[in-house]
Amino acid sequence: MFYMAAPQAKGKSAGDNIFAANGRAVALAKEIGEENVVNATIGAILNDAGELVVLDVVKKAYEELTPFEWASYSPISGLPDYLNICMEECFGESRPEGYIRAVATPGGSGAIHHAIHNYTAPGDEVLVTDWHWGAYKTLIDDPKRVPGFYQLLTADGHFNKESLRTEVRRVLKKQNSVLVILNGIANNPTGYSLTDDEWKEAVDVLSEEVKGTEKKAILLPDVAYLDYSGERQASRRFFKCFGGLPQNVLVVIAYSLSKGFTLYGQRLGAMIGVTSDKDVAQEFADINQYASRATWSNCNTAAQNLMIHIYKDPAKAQELIEERLKYYRLIQDRAAIFMAEAKEVGLKVVPYVSGFFISIPVKESKKVSDFLEKKHVFLVPMEKGLRLAVCSVPTRKMKGIATKVAEAIKEAGIVQ
């Protein structure tokens, strides 16, 4: 085969089993009818009619934008009002103590990209949980970093701080710093959420492992599903534990408008840095603005102004909260149906708290998913199990899924 690509790009491709499974489900639905197919692959909220949910307050705000507000360039770092609102909206009543700066990014993915690019060196190992969003690997691998893994949960279903400690200690023996990605609020793909105490344990592990050394630790909480993780203020209390950290511990929050504002395709978010050091905060703003100019340049101006419009009107801001609550409850109701049935049929499930997904731990997940697809049920096979997108399955279709999964596991000759 003849190549034109440079060595660092040679042979790379980005196949996606989520879109592949969705494609098969859509094709089958066209053939035998949508009512006869369960498509539990899509990571976006669909209502019970099977339609993509776009929040009403968001639609109205878009209609109110002037041509200048949706067509003009925004500053490289983002509109100042937008960045201030991102910080307020992210933290709520639980803003941590310290110096806090924000830079606009194209979704949470942009924040993760910059954190890897600016806080690790080529060849460095970046730590993620064993249950994780598959794109983390691509984001780590593309700039020639190496993914490493720590266990999200203990055998009894709690955050595994000792696994985190072991892996952080191992990495710091060979590197000057460690970047830890923790999608610990309504985790994709499991729906597990760390308690406030467990978040503090994670912070304490990093602080303890770099204490009295010249080593550095960067914690990246991916909070993409924050707004569907529980009661608004209670679900944000864990942010308080990011205050008053040692100088050599930095928190970089990946904040996204994709889910909380149903703006998946508008590609907007922010990276929010929290540090006890004023100079580190300025460095954060400077280097990430520079990296933005060198990659995507400006972010989506229309979506920034949309957020500004909503939050400058208290009535609209309240409407946003109420709409999110409506869909949070819808997803929770769907999940409850599945979890109750799973218990009845003896199907093991990763502890679910909230969020878009539930995971079923099983070996040879692709083999099991093949048997499921014969039953017209489409889940996403992953390395450690199957992912069920409760966010996108109409409530009327939830009953029976757990039974079919249990049957498929048995038919595949696999023991959970």
# chains A, B, ... in the order shown; residues from 1 in each chain; ligands from 1
>>> select_by_dssp(residues="region 60-289 of chain A", states="helix (DSSP H, G or I)", output="number ranges by chain")
A: 60-64, 67-71, 80-91, 107-119, 135-141, 161-172, 196-210, 226-228, 234-242, 264-266, 278-289
>>> residues_around(residues="region 52-69 of chain A", least_positions_apart="6", cutoff="8 Å", atoms="only C-alpha atoms", output="list in words")
Ala44, Ile45, Leu46, Phe261, Thr262, Leu263, Thr301, Ala302, Asn305, Leu306, His309, Ile310, Lys316, Glu319, Leu320, Glu323 and Arg324 of chain A
>>> write_last_selection(atoms="C-alpha atoms", output="short mmCIF file (atom, residue, chain, number, x, y, z; two decimals), in the first residue's frame")
data_model
loop_
_atom_site.label_atom_id
_atom_site.label_comp_id
_atom_site.auth_asym_id
_atom_site.auth_seq_id
_atom_site.Cartn_x
_atom_site.Cartn_y
_atom_site.Cartn_z
CA ALA A 44 -28.84 11.82 23.16
CA ILE A 45 -32.25 12.37 24.75
CA LEU A 46 -35.17 11.17 22.66
CA PHE A 261 -28.49 22.63 26.64
CA THR A 262 -29.24 19.87 24.05
CA LEU A 263 -26.71 21.55 21.74
CA THR A 301 -20.53 32.48 18.57
CA ALA A 302 -24.24 31.76 18.19
CA ASN A 305 -24.80 34.33 22.71
CA LEU A 306 -27.68 31.90 23.18
CA HIS A 309 -29.55 35.48 26.33
CA ILE A 310 -30.95 32.77 28.57
CA LYS A 316 -35.65 31.91 30.95
CA GLU A 319 -37.46 27.62 32.50
CA LEU A 320 -34.18 25.93 31.57
CA GLU A 323 -37.12 21.61 31.42
CA ARG A 324 -33.95 19.78 32.41
#
>>> select_by_dssp(residues="region 40-155 of chain A", states="strand (DSSP E)", output="mmCIF file with C-alpha atoms, in the first residue's frame")
data_model
loop_
_atom_site.group_PDB
_atom_site.id
_atom_site.type_symbol
_atom_site.label_atom_id
_atom_site.label_comp_id
_atom_site.auth_asym_id
_atom_site.auth_seq_id
_atom_site.Cartn_x
_atom_site.Cartn_y
_atom_site.Cartn_z
ATOM 1 C CA TYR A 99 -8.197 31.289 41.193
ATOM 2 C CA ILE A 100 -10.626 30.219 38.473
ATOM 3 C CA ARG A 101 -10.314 30.890 34.757
ATOM 4 C CA ALA A 102 -12.215 29.591 31.735
ATOM 5 C CA VAL A 103 -11.517 29.188 28.020
ATOM 6 C CA ALA A 104 -14.169 28.329 25.411
ATOM 7 C CA THR A 105 -13.821 24.952 23.685
ATOM 8 C CA GLU A 125 0.734 8.043 30.228
ATOM 9 C CA VAL A 126 -2.721 9.543 30.867
ATOM 10 C CA LEU A 127 -4.962 7.764 33.360
ATOM 11 C CA VAL A 128 -8.654 7.011 32.749
ATOM 12 C CA THR A 129 -11.116 4.683 34.461
ATOM 13 C CA VAL A 146 -0.459 6.463 26.160
ATOM 14 C CA PRO A 147 -3.729 5.536 27.907
ATOM 15 C CA GLY A 148 -3.424 3.906 31.314
ATOM 16 C CA PHE A 149 -6.280 2.596 33.424
ATOM 17 C CA TYR A 150 -7.439 2.499 37.023
#
>>> closest_residue(among="A:Gly123, A:Gly260, A:Pro361, A:Gly230", to="Lys174 (chain A)", atoms="only C-alpha atoms")
A:Gly123
>>> closest_residue(among="A:Ala336, A:Asn22, A:Gln304, A:Ser258", to="Leu79 (chain A)", atoms="only C-alpha atoms")
A:Gln304
>>> closest_residue(among="A:Leu388, A:Leu194, A:Val168, A:Ala14", to="Gly134 (chain A)", atoms="only C-alpha atoms")
A:Ala14
>>> residues_around(residues="Tyr290 (chain A)", least_positions_apart="6", cutoff="9 Å", atoms="only C-alpha atoms", output="ChimeraX atom specification")
/A:76-77,297
>>> closest_residue(among="A:Ile185, A:Ile272, A:Val251, A:Val203", to="Cys86 (chain A)", atoms="only C-alpha atoms")
A:Ile272
>>> residues_around(residues="Gly50 (chain A)", least_positions_apart="6", cutoff="8 Å", atoms="only C-alpha atoms", output="PDB file with N, CA and C atoms, in the first residue's frame")
ATOM      1  N   SER A 392     -32.386   7.338  25.277  1.00  0.00           N
ATOM      2  CA  SER A 392     -32.971   7.367  23.939  1.00  0.00           C
ATOM      3  C   SER A 392     -34.025   6.290  23.689  1.00  0.00           C
ATOM      4  N   VAL A 393     -34.303   5.447  24.678  1.00  0.00           N
ATOM      5  CA  VAL A 393     -35.294   4.385  24.496  1.00  0.00           C
ATOM      6  C   VAL A 393     -36.643   4.840  25.058  1.00  0.00           C
ATOM      7  N   PRO A 394     -37.699   4.893  24.232  1.00  0.00           N
ATOM      8  CA  PRO A 394     -39.010   5.277  24.739  1.00  0.00           C
ATOM      9  C   PRO A 394     -39.430   4.412  25.923  1.00  0.00           C
TER      10      PRO A 394
END
